Structure formats: C-alpha cells, structure tokens
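K.L.:
Supplied structure: work-v1.txt, compact mmCIF, C-alpha atoms and all ligand atoms.
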# COMPACT_ATOMS: atom_id res chain seq x y z
CA MET A 1 67.04 87.94 103.58
CA ILE A 2 67.27 87.94 99.80
CA GLU A 3 64.77 85.88 97.81
CA VAL A 4 65.16 85.27 94.09
CA GLU A 5 62.48 83.33 92.25
CA ASP A 6 62.55 82.32 88.61
CA LEU A 7 64.53 85.36 87.54
CA PHE A 8 65.01 86.13 83.84
CA LYS A 9 66.93 88.92 82.13
CA VAL A 10 66.79 89.42 78.38
CA PHE A 11 69.04 91.88 76.52
CA GLY A 12 67.73 92.05 72.92
CA SER A 13 68.34 88.60 71.49
CA LYS A 14 70.48 87.50 74.44
CA THR A 15 68.96 85.87 77.52
CA ALA A 16 71.62 86.45 80.16
CA VAL A 17 69.68 84.98 83.11
CA LYS A 18 67.39 82.00 82.57
CA GLY A 19 65.13 81.25 85.51
CA ILE A 20 67.43 81.57 88.49
CA SER A 21 66.13 80.93 92.02
CA PHE A 22 68.01 81.10 95.31
CA THR A 23 67.66 82.43 98.83
CA VAL A 24 70.21 84.14 101.05
CA LYS A 25 69.26 83.92 104.71
CA ASP A 26 70.05 86.48 107.38
CA GLY A 27 73.61 85.94 108.55
CA GLU A 28 74.47 83.88 105.50
CA ILE A 29 77.17 84.34 102.89
CA TYR A 30 76.01 83.02 99.52
CA GLY A 31 78.43 82.78 96.61
CA LEU A 32 77.54 82.83 92.94
CA LEU A 33 80.38 80.95 91.34
CA GLY A 34 80.76 80.71 87.61
CA PRO A 35 82.92 81.44 84.59
CA ASN A 36 82.91 84.73 82.72
CA GLY A 37 79.69 85.48 80.89
CA SER A 38 77.60 83.13 83.02
CA GLY A 39 75.26 85.88 84.26
CA LYS A 40 76.69 86.78 87.68
CA SER A 41 76.95 90.55 87.24
CA THR A 42 73.55 90.76 85.58
CA THR A 43 71.94 88.89 88.48
CA LEU A 44 73.65 91.07 91.10
CA ARG A 45 72.75 94.30 89.27
CA ILE A 46 69.10 93.23 89.39
CA LEU A 47 69.40 92.39 93.11
CA ALA A 48 70.85 95.83 93.78
CA GLY A 49 68.02 97.63 91.97
CA ILE A 50 70.34 98.91 89.21
CA ILE A 51 68.58 97.21 86.29
CA PRO A 52 65.04 95.79 86.26
CA PRO A 53 64.34 92.07 85.83
CA THR A 54 62.60 90.97 82.64
CA ARG A 55 60.57 88.50 84.67
CA GLY A 56 60.66 86.81 88.08
CA LYS A 57 60.52 87.97 91.66
CA VAL A 58 63.35 89.44 93.72
CA LEU A 59 62.79 90.51 97.33
CA VAL A 60 65.54 92.15 99.35
CA GLU A 61 64.56 92.34 103.02
CA GLY A 62 60.99 91.93 101.78
CA VAL A 63 61.25 94.84 99.31
CA ASN A 64 60.43 94.02 95.68
CA VAL A 65 63.23 95.30 93.41
CA ALA A 66 60.93 95.76 90.41
CA GLU A 67 58.43 97.82 92.40
CA ASN A 68 60.75 99.79 94.64
CA PRO A 69 64.33 99.93 93.34
CA LEU A 70 65.09 103.13 95.31
CA GLU A 71 64.22 101.51 98.62
CA VAL A 72 66.32 98.51 97.62
CA LYS A 73 69.28 100.81 96.97
CA ARG A 74 68.77 102.36 100.39
CA ILE A 75 68.98 99.07 102.25
CA THR A 76 71.67 97.35 100.19
CA GLY A 77 75.35 97.93 99.81
CA TYR A 78 76.32 97.21 96.21
CA ILE A 79 79.96 97.00 95.27
CA PRO A 80 80.24 96.75 91.49
CA GLU A 81 82.79 94.79 89.52
CA THR A 82 84.37 97.98 88.17
CA PRO A 83 84.58 100.79 90.72
CA LEU A 84 82.21 103.62 89.86
CA LEU A 85 83.94 106.69 91.19
CA TYR A 86 84.30 110.40 90.52
CA GLU A 87 87.87 110.85 89.37
CA SER A 88 87.99 114.56 90.14
CA LEU A 89 86.97 114.15 93.79
CA THR A 90 89.19 113.05 96.65
CA PRO A 91 88.13 109.91 98.55
CA MET A 92 87.10 112.11 101.49
CA GLU A 93 84.90 114.29 99.25
CA PHE A 94 83.44 111.19 97.64
CA PHE A 95 82.60 109.63 101.03
CA SER A 96 80.86 112.87 102.12
CA PHE A 97 78.92 112.90 98.85
CA VAL A 98 77.83 109.26 99.23
CA GLY A 99 77.00 109.87 102.90
CA SER A 100 74.73 112.78 102.05
CA ILE A 101 72.91 110.85 99.29
CA ARG A 102 72.43 107.95 101.70
CA GLU A 103 71.43 110.34 104.50
CA VAL A 104 74.00 109.06 106.97
CA PRO A 105 74.21 111.30 110.05
CA ARG A 106 77.50 113.26 110.07
CA ALA A 107 78.94 111.73 113.24
CA GLU A 108 78.16 108.19 112.10
CA LEU A 109 79.67 108.87 108.71
CA GLU A 110 82.88 110.20 110.21
CA GLU A 111 83.16 107.27 112.57
CA ARG A 112 82.64 104.71 109.78
CA VAL A 113 84.95 106.42 107.32
CA SER A 114 87.71 106.63 109.88
CA ARG A 115 87.32 102.97 110.92
CA LEU A 116 87.16 101.61 107.36
CA VAL A 117 89.89 103.84 105.97
CA LYS A 118 92.16 102.70 108.78
CA ALA A 119 91.23 99.03 108.30
CA PHE A 120 92.13 99.20 104.60
CA GLY A 121 95.19 101.36 105.26
CA ILE A 122 94.37 104.15 102.81
CA GLU A 123 94.60 107.12 105.23
CA GLU A 124 97.39 108.73 103.22
CA TYR A 125 95.27 108.92 100.04
CA LEU A 126 92.21 110.66 101.51
CA GLY A 127 93.21 114.04 100.08
CA GLU A 128 94.45 112.85 96.65
CA LEU A 129 92.26 112.93 93.55
CA ILE A 130 90.62 109.53 92.98
CA GLY A 131 91.71 109.60 89.32
CA THR A 132 95.36 109.52 90.36
CA LEU A 133 95.05 106.49 92.67
CA SER A 134 96.03 102.91 91.80
CA PHE A 135 93.30 100.47 90.79
CA GLY A 136 93.65 98.62 94.10
CA THR A 137 93.19 101.82 96.11
CA GLN A 138 90.22 102.83 93.96
CA GLN A 139 88.69 99.44 94.65
CA LYS A 140 89.09 99.99 98.38
CA VAL A 141 87.44 103.42 98.05
CA SER A 142 84.57 101.75 96.18
CA ILE A 143 84.16 99.09 98.89
CA ILE A 144 84.18 101.66 101.70
CA ALA A 145 81.63 103.82 99.83
CA GLY A 146 79.31 100.81 99.55
CA LEU A 147 79.41 100.22 103.31
CA LEU A 148 78.92 103.76 104.61
CA HIS A 149 75.15 103.54 105.12
CA ASP A 150 75.46 100.31 107.12
CA PRO A 151 73.32 98.34 104.66
CA LYS A 152 71.20 95.37 105.73
CA ALA A 153 72.13 93.36 102.67
CA LEU A 154 75.44 93.30 100.86
CA ILE A 155 75.94 92.59 97.18
CA LEU A 156 79.52 92.27 96.04
CA ASP A 157 80.48 91.66 92.44
CA GLU A 158 83.97 90.14 92.26
CA ALA A 159 84.93 92.64 94.92
CA ILE A 160 87.66 90.57 96.48
CA ASN A 161 89.54 89.46 93.39
CA GLY A 162 91.79 92.44 92.78
CA LEU A 163 92.68 93.08 96.41
CA ASP A 164 96.14 92.51 97.83
CA PRO A 165 96.33 89.61 100.32
CA LYS A 166 96.20 91.86 103.37
CA SER A 167 93.10 93.71 102.16
CA ALA A 168 91.48 90.45 101.12
CA ARG A 169 91.94 89.25 104.69
CA ILE A 170 90.43 92.45 106.06
CA MET A 171 87.52 92.03 103.66
CA LYS A 172 86.97 88.48 104.90
CA GLU A 173 87.00 89.66 108.51
CA LEU A 174 84.51 92.40 107.66
CA LEU A 175 82.21 89.94 105.91
CA ASN A 176 82.33 87.61 108.88
CA ARG A 177 81.46 90.48 111.20
CA PHE A 178 78.52 91.47 108.96
CA LYS A 179 77.44 87.86 109.03
CA GLU A 180 77.40 87.89 112.82
CA GLU A 181 75.27 91.04 112.68
CA GLY A 182 72.73 89.04 110.67
CA LYS A 183 73.19 90.74 107.31
CA SER A 184 72.56 88.74 104.16
CA ILE A 185 75.56 88.73 101.89
CA VAL A 186 75.78 87.60 98.29
CA PHE A 187 78.87 87.81 96.18
CA SER A 188 80.04 86.60 92.83
CA THR A 189 83.38 85.17 91.97
CA HIS A 190 85.02 83.07 89.30
CA ILE A 191 87.70 82.09 91.81
CA LEU A 192 87.01 78.88 93.62
CA ALA A 193 89.32 79.38 96.53
CA VAL A 194 87.42 82.57 97.41
CA ALA A 195 84.05 80.81 97.32
CA GLU A 196 85.34 77.84 99.25
CA ALA A 197 86.91 79.96 101.97
CA LEU A 198 84.05 82.37 102.51
CA CYS A 199 80.67 80.94 101.59
CA ASP A 200 78.13 79.12 103.66
CA ARG A 201 76.49 78.06 100.43
CA VAL A 202 77.49 78.24 96.81
CA GLY A 203 75.38 78.30 93.67
CA ILE A 204 77.26 77.26 90.56
CA ILE A 205 76.03 79.42 87.73
CA TYR A 206 76.61 78.47 84.14
CA ASN A 207 75.11 79.96 81.01
CA GLY A 208 72.46 81.89 82.94
CA GLU A 209 71.33 78.99 85.11
CA ILE A 210 72.18 77.72 88.58
CA ILE A 211 73.14 74.13 87.86
CA ALA A 212 74.08 73.09 91.38
CA GLU A 213 73.75 74.51 94.85
CA GLY A 214 74.96 73.46 98.26
CA THR A 215 77.59 73.94 100.90
CA PRO A 216 81.14 73.72 99.58
CA GLU A 217 81.34 70.36 101.40
CA GLN A 218 78.17 69.00 99.76
CA LEU A 219 79.35 69.95 96.31
CA LYS A 220 82.69 68.32 96.98
CA GLU A 221 81.08 65.18 98.32
CA PHE A 222 78.98 64.80 95.23
CA VAL A 223 81.89 64.84 92.86
CA HIS A 224 84.27 62.98 95.19
CA GLU A 225 87.01 65.43 94.47
CA GLU A 226 89.41 67.08 96.84
CA SER A 227 88.40 70.57 96.00
CA LEU A 228 85.54 72.49 94.51
CA GLU A 229 88.16 73.64 92.07
CA ASP A 230 87.94 70.29 90.33
CA VAL A 231 84.17 70.60 89.96
CA PHE A 232 84.59 74.00 88.51
CA LEU A 233 87.38 73.01 86.16
CA LYS A 234 85.13 70.31 84.76
CA LEU A 235 82.50 72.92 84.09
CA THR A 236 84.86 74.98 82.02
CA GLU A 237 86.16 72.02 80.02
CA SER A 238 84.80 70.81 76.70
CA GLN A 239 81.13 71.35 75.92
CA GLU A 240 80.44 67.62 75.98
CA GLU A 241 81.92 67.13 79.43
CA VAL A 242 80.11 70.20 80.67
CA SER A 243 76.79 68.88 79.40
CA SER A 244 77.20 65.54 81.11
CA LEU A 245 78.27 67.13 84.40
CA VAL A 246 75.38 69.57 84.20
CA ARG A 247 72.99 66.65 83.72
CA ALA A 248 74.49 64.73 86.63
CA LEU A 249 74.40 67.75 88.94
CA ARG A 250 70.79 68.48 88.01
CA GLU A 251 69.79 64.95 88.86
CA ALA A 252 71.64 65.02 92.16
CA PHE A 253 70.33 68.32 93.55
N1 LIG G 1 73.78 95.35 78.90
C1 LIG G 1 73.94 94.22 78.20
N2 LIG G 1 73.54 94.12 76.91
C2 LIG G 1 73.68 92.97 76.23
N3 LIG G 1 74.22 91.84 76.72
C3 LIG G 1 74.65 91.88 78.00
C4 LIG G 1 74.53 93.06 78.80
N4 LIG G 1 75.04 92.77 80.03
C5 LIG G 1 75.45 91.50 79.98
N5 LIG G 1 75.22 90.96 78.77
C6 LIG G 1 75.53 89.57 78.35
O1 LIG G 1 74.95 88.69 79.28
C7 LIG G 1 75.81 87.60 79.57
C8 LIG G 1 76.12 87.54 81.05
O2 LIG G 1 76.94 88.65 81.39
P1 LIG G 1 77.39 88.97 82.88
O3 LIG G 1 76.19 88.99 83.73
O4 LIG G 1 78.22 90.19 82.85
O5 LIG G 1 78.28 87.67 83.23
P2 LIG G 1 79.40 87.46 84.33
O6 LIG G 1 79.31 88.56 85.32
O7 LIG G 1 79.10 86.11 84.91
O8 LIG G 1 80.71 87.46 83.61
C9 LIG G 1 77.04 87.79 78.70
O9 LIG G 1 76.88 87.04 77.52
C10 LIG G 1 77.02 89.26 78.41
O10 LIG G 1 77.65 89.55 77.19
MG MG G 2 80.75 89.89 85.95
Go ahead and express the file in the form of structure tokens.
Ligand SMILES: Nc1ncnc2c1ncn2[C@@H]1O[C@H](COP(=O)(O)OP(=O)(O)O)[C@@H](O)[C@H]1O
Ligand SMILES: [Mg+2]
P.N.:
Amino acid sequence: MIEVEDLFKVFGSKTAVKGISFTVKDGEIYGLLGPNGSGKSTTLRILAGIIPPTRGKVLVEGVNVAENPLEVKRITGYIPETPLLYESLTPMEFFSFVGSIREVPRAELEERVSRLVKAFGIEEYLGELIGTLSFGTQQKVSIIAGLLHDPKALILDEAINGLDPKSARIMKELLNRFKEEGKSIVFSTHILAVAEALCDRVGIIYNGEIIAEGTPEQLKEFVHEESLEDVFLKLTESQEEVSSLVRALREAF
C-alpha cells in the first residue's frame, strides 16, 4: 500500500506539488494522469525515495520516505521517465550490477533476467553496449532493471509511452500479474488511452494538485462524455474553461 497525505514539493520559487493526497491499495493500479509540467514526475520521485518531500507524509508499505528513503528504494521498483543506464556496460553486466546492489540471490537473478529478457524479446542485445542500443531497447533494459528485486510496490513514470505495441502489451500483462500478486502500482501518463485501459483508479493532476479522482467509469459518468479523453482535453483547453471544469470537478468529488 502507498499512502500520500498532503504532499508538497517546493523548488526555489516554484511549488511543483501542492498538497496532494491519494492511496494506492494492495493489488491496485493507480494512474496519475495529467499534462506536462503538472507535477507527476516530482510526485513519483518522492514516492520512490529519490528526492525528499518539502512537507507531507508518504508511506510505502508502511515505510516513511522522508525517514527511511533507503528502505523505500529496497522495496520499490522505480522506472524513471528517462532511462538511467550505464552506457559502457552491456545489459547483462548492468543487470548483474543492479542485482548485487539490490542483494538478489544469484539463481533468482538469473531466472528473472532470463524470463524478462525473453518476454521483451531483447535476448540478442544482452552482450552489446547499452550506449549503442535504440531508445526503445534501452527503455526495456530500464524496466527489467527496475523489476529484478521483485519489489512490493511499483512506481512507473511514463514507462509505457515509448514502447512498441507488442512490448506495451507485455507490460500490461506484467502489470496485471503484479496486481494479482497484491503489489501496489502507481504510474504516470499524459496519455488517456493508457490510463483508461490499465487503471483501477485515476487521479487527474493539474498544476500540482489532484483535481479529480475516481475509476475511469466514474470520471466519465460525471462529465457525460464517451471517453476520459474528452475530460482531459477540456483540462488542456483555455485557462477559463480549465478553471470552470476544475471548480465543477472539485464540487463533485
Ligand atoms: N529539480 C527541479 N527544479 C526546479 N523546478 C522543477 C524541478 N523538477 C521539476 N520542476 C518543475 O516542477 C513542475 C512539475 O514538473 P514535473 O514533476 O516534471 O511534471 P510532469 O512530470 O507532470 O511533466 C514543472 O514546472 C517543472 O519545471
Ligand atoms: Mg514527467
């Protein structure tokens, strides 16, 4: 379970996150959906123990991120927006490196690497230098690396967007399996179809605040539109329209 309560993050004169609260239950996929600059990556970096919150409480599986970021890193799988890789290592070397940092027993590591590498179809690149691989393949390496320690909670920042359709399907299957195992999963996206297809619940984040939250169906019902896409499009329209929708959503939820 992931619990976020009244979370703030200030960078100098910029307040990127303004009092966000949400909960991700065990076995739940929660989507943070919002346009660029709305505070998704900042929120997820705090959840993963990468940067500290300015204020507010974040518990991942009961562990407080401000007090024990290292433990949070141990129990979460964080897949960043931009793959963070060592260009001069091969994927295989990188997986061994990550496995040793995360203290994954050798046999388990080998079993997971072989299963995930096969699922994503990147066997042929295991011995190439990461720096020479395509962005898509690097993204797959980054995803696999984030899953090697079998984390209890998963935090994915726009991790599905750049994948080819086949890999996106594999990713969806993986997420559904993790869900069945009772892991809590939170991911960000600015793509509605992704949120609609995958999430049990969605929080619409705009300008550092969650302005509406519910199942994709609930959000659709409220606006009487065919698709969540229409809700989202409204949010990215003119400032005036955004303000009135924000007000209406706030009153309704
Ligand atoms: N390290 C930082 N220093 C200053 N401003 C930042 C920093 N990180 C993010 N921001 C700002 O915070 C806001 C939210 O950014 P971000 O969380 O990356 O949004 P999103 O992931 O939704 O696109 C943006 O205005 C961004 O410029
Ligand atoms: Mg982002």
K.L.:
Give me the residues within 6 Å of Asp26 (chain A) as a list in words, counting only C-alpha atoms and dropping any in the same chain fewer than 6 places off.
P.N.:
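Near neighbours after the sequence-gap exclusion: Met1, Gly182, Lys183 and Ser184 of chain A.
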K.L.:
Looking at A:Ala107, A:Leu154, A:Leu89, A:Val4, which one is nearest to Thr132 (chain A), with distances taken over all atoms listed in the file?
P.N.:
A:Leu89
K.L.:
Find the residues of chain A that sit at most 12 Å from ligand MG 2 (chain G); for each, write down the nearest two atoms and how far apart they are in Å, to one decimal. Count all atoms listed in the file. Sort by chain, then by number going up, and give it as a tab-separated table.
P.N.:
residue	atom	partner	partner_atom	distance
A:Ala16	CA	G:MG2	MG	11.3
A:Leu32	CA	G:MG2	MG	10.4
A:Leu33	CA	G:MG2	MG	10.4
A:Gly34	CA	G:MG2	MG	9.3
A:Pro35	CA	G:MG2	MG	8.8
A:Asn36	CA	G:MG2	MG	6.5
A:Gly37	CA	G:MG2	MG	6.8
A:Ser38	CA	G:MG2	MG	8.0
A:Gly39	CA	G:MG2	MG	7.0
A:Lys40	CA	G:MG2	MG	5.4
A:Ser41	CA	G:MG2	MG	4.1
A:Thr42	CA	G:MG2	MG	7.3
A:Thr43	CA	G:MG2	MG	9.2
A:Leu44	CA	G:MG2	MG	8.9
A:Arg45	CA	G:MG2	MG	9.7
A:Ile79	CA	G:MG2	MG	11.7
A:Pro80	CA	G:MG2	MG	8.8
A:Glu81	CA	G:MG2	MG	6.4
A:Thr82	CA	G:MG2	MG	9.1
A:Leu156	CA	G:MG2	MG	10.4
A:Asp157	CA	G:MG2	MG	6.7
A:Glu158	CA	G:MG2	MG	7.1
A:Ala159	CA	G:MG2	MG	10.3
A:Asn161	CA	G:MG2	MG	11.5
A:Phe187	CA	G:MG2	MG	10.6
A:Ser188	CA	G:MG2	MG	7.7
A:Thr189	CA	G:MG2	MG	8.1
A:His190	CA	G:MG2	MG	8.7
A:Ile191	CA	G:MG2	MG	12.0
A:Ile205	CA	G:MG2	MG	11.6
A:Gly208	CA	G:MG2	MG	11.9
K.L.:
Which residue out of A:Arg74, A:Arg201, A:Phe8, A:Ile2 has the minimum interatomic distance to ligand LIG 1 (chain G) when only C-alpha atoms and all ligand atoms are used?
P.N.:
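Checking each candidate against ligand LIG 1 (chain G), we get A:Phe8 as the closest.
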K.L.:
Would you compute the distance between CA of Arg112 (chain A) and CA of Glu128 (chain A)? Give it in Å to one decimal.
P.N.:
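About the pair CA of Arg112 (chain A) and CA of Glu128 (chain A): they are 19.4 Å apart.
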K.L.:
Applying 8 Å and all atoms listed in the file, which residues near Pro151 (chain A) remain after dropping the ones on its own chain fewer than 5 positions away? List them as a list in words.
P.N.:
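In the requested format, the answer is Arg74, Ile75, Thr76 and Gly77 of chain A.
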K.L.:
Counting all atoms listed in the file, which residue out of A:Phe94, A:Phe135, A:Phe22, A:Tyr206 sits closest to ligand LIG 1 (chain G)?
P.N.:
A:Tyr206
K.L.:
Closest to ligand LIG 1 (chain G) among A:Ile29, A:Ile46, A:Met92, A:Leu70, using only C-alpha atoms and all ligand atoms?
P.N.:
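Closest residue, counting only C-alpha atoms and all ligand atoms: A:Ile46.
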K.L.:
So how far away is CA of Lys25 (chain A) from CA of Glu181 (chain A), in Å?
P.N.:
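Atom-to-atom, CA of Glu181 (chain A) and CA of Lys25 (chain A) are spaced 12.3 Å apart.
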K.L.:
Can you work out which one of A:Ile204, A:Val186, A:Gly146, A:Lys220 has the shortest atom-to-atom distance to Gly27 (chain A), counting only C-alpha atoms?
P.N.:
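The closest residue to Gly27 (chain A) is A:Val186.
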K.L.:
Taking 5 positions as the minimum chain separation for residues in the same chain, which residues sit within 9 Å of Gly136 (chain A) when counting all atoms listed in the file? Answer as a PDB file with C-alpha atoms, in the frame of the given file.
P.N.:
ATOM      1  CA  VAL A 141      87.440 103.420  98.050  1.00  0.00           C
ATOM      2  CA  GLY A 162      91.790  92.440  92.780  1.00  0.00           C
ATOM      3  CA  LEU A 163      92.680  93.080  96.410  1.00  0.00           C
ATOM      4  CA  ASP A 164      96.140  92.510  97.830  1.00  0.00           C
TER       5      ASP A 164
END
K.L.:
So how many Å separate CA of Ile155 (chain A) and CA of Ile185 (chain A), to one decimal?
P.N.:
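So the two atoms, CA of Ile155 (chain A) and CA of Ile185 (chain A), lie 6.1 Å apart.
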K.L.:
Might you pull out every residue within 8 Å of Val63 (chain A), with only C-alpha atoms counted and same-chain residues fewer than 5 positions away left off, and present them as a list in words?
P.N.:
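Result of the neighbour search: Asn68, Glu71 and Val72 of chain A.
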K.L.:
Go ahead and dump the residues you just picked, C-alpha atoms, as a PDB file, in the coordinates of the input.
P.N.:
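The result, written out as result14.pdb:
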ATOM      1  CA  ASN A  68      60.750  99.790  94.640  1.00  0.00           C
ATOM      2  CA  GLU A  71      64.220 101.510  98.620  1.00  0.00           C
ATOM      3  CA  VAL A  72      66.320  98.510  97.620  1.00  0.00           C
TER       4      VAL A  72
END
K.L.:
Please reconstruct the missing atoms of region 51-85 of chain A (target: N, CA and C atoms) and return them as a compact mmCIF listing (two decimals), in the coordinates of the input.
P.N.:
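What follows is the written file out09.txt:
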# COMPACT_ATOMS: atom_id res chain seq x y z
N ILE A 51 69.34 97.48 87.51
CA ILE A 51 68.58 97.21 86.29
C ILE A 51 67.35 96.36 86.64
N PRO A 52 66.25 96.55 85.92
CA PRO A 52 65.04 95.79 86.26
C PRO A 52 65.08 94.37 85.71
N PRO A 53 64.43 93.43 86.39
CA PRO A 53 64.34 92.07 85.83
C PRO A 53 63.38 92.06 84.64
N THR A 54 63.57 91.14 83.73
CA THR A 54 62.60 90.97 82.64
C THR A 54 61.37 90.26 83.21
N ARG A 55 61.66 89.29 84.09
CA ARG A 55 60.57 88.50 84.67
C ARG A 55 61.12 87.85 85.93
N GLY A 56 60.22 87.47 86.85
CA GLY A 56 60.66 86.81 88.08
C GLY A 56 60.56 87.75 89.26
N LYS A 57 60.70 87.18 90.45
CA LYS A 57 60.52 87.97 91.66
C LYS A 57 61.82 88.06 92.46
N VAL A 58 62.18 89.26 92.85
CA VAL A 58 63.35 89.44 93.72
C VAL A 58 62.94 90.31 94.90
N LEU A 59 63.08 89.75 96.11
CA LEU A 59 62.79 90.51 97.33
C LEU A 59 64.07 90.66 98.13
N VAL A 60 64.41 91.90 98.48
CA VAL A 60 65.54 92.15 99.35
C VAL A 60 64.98 92.70 100.66
N GLU A 61 65.17 91.96 101.73
CA GLU A 61 64.56 92.34 103.02
C GLU A 61 63.06 92.61 102.83
N GLY A 62 62.42 91.80 102.01
CA GLY A 62 60.99 91.93 101.78
C GLY A 62 60.59 92.99 100.77
N VAL A 63 61.57 93.77 100.27
CA VAL A 63 61.25 94.84 99.31
C VAL A 63 61.42 94.30 97.88
N ASN A 64 60.41 94.51 97.06
CA ASN A 64 60.43 94.02 95.68
C ASN A 64 61.27 94.96 94.80
N VAL A 65 62.31 94.43 94.17
CA VAL A 65 63.23 95.30 93.41
C VAL A 65 62.55 95.93 92.19
N ALA A 66 61.59 95.21 91.60
CA ALA A 66 60.93 95.76 90.41
C ALA A 66 60.00 96.91 90.79
N GLU A 67 59.40 96.81 91.99
CA GLU A 67 58.43 97.82 92.40
C GLU A 67 59.08 99.00 93.11
N ASN A 68 60.16 98.73 93.83
CA ASN A 68 60.75 99.79 94.64
C ASN A 68 62.28 99.78 94.64
N PRO A 69 62.87 100.01 93.44
CA PRO A 69 64.33 99.93 93.34
C PRO A 69 65.06 100.96 94.23
N LEU A 70 64.43 102.11 94.48
CA LEU A 70 65.09 103.13 95.31
C LEU A 70 65.23 102.67 96.75
N GLU A 71 64.17 102.03 97.26
CA GLU A 71 64.22 101.51 98.62
C GLU A 71 65.27 100.39 98.70
N VAL A 72 65.33 99.58 97.65
CA VAL A 72 66.32 98.51 97.62
C VAL A 72 67.73 99.10 97.69
N LYS A 73 67.96 100.17 96.93
CA LYS A 73 69.28 100.81 96.97
C LYS A 73 69.60 101.34 98.36
N ARG A 74 68.56 101.80 99.06
CA ARG A 74 68.77 102.36 100.39
C ARG A 74 69.22 101.29 101.40
N ILE A 75 68.68 100.09 101.24
CA ILE A 75 68.98 99.07 102.25
C ILE A 75 70.09 98.10 101.84
N THR A 76 70.58 98.24 100.60
CA THR A 76 71.67 97.35 100.19
C THR A 76 72.96 98.12 99.99
N GLY A 77 74.04 97.41 100.18
CA GLY A 77 75.35 97.93 99.81
C GLY A 77 75.76 97.17 98.57
N TYR A 78 75.97 97.88 97.46
CA TYR A 78 76.32 97.21 96.21
C TYR A 78 77.73 97.65 95.81
N ILE A 79 78.60 96.68 95.68
CA ILE A 79 79.96 97.00 95.27
C ILE A 79 80.19 96.39 93.89
N PRO A 80 80.20 97.26 92.86
CA PRO A 80 80.24 96.75 91.49
C PRO A 80 81.60 96.17 91.11
N GLU A 81 81.59 95.44 90.02
CA GLU A 81 82.79 94.79 89.52
C GLU A 81 83.87 95.84 89.18
N THR A 82 83.44 96.89 88.51
CA THR A 82 84.37 97.98 88.17
C THR A 82 83.98 99.17 89.03
N PRO A 83 84.93 99.68 89.83
CA PRO A 83 84.58 100.79 90.72
C PRO A 83 83.97 101.96 89.94
N LEU A 84 82.87 102.47 90.47
CA LEU A 84 82.21 103.62 89.86
C LEU A 84 82.50 104.82 90.72
N LEU A 85 83.48 105.62 90.32
CA LEU A 85 83.94 106.69 91.19
C LEU A 85 84.01 108.01 90.42
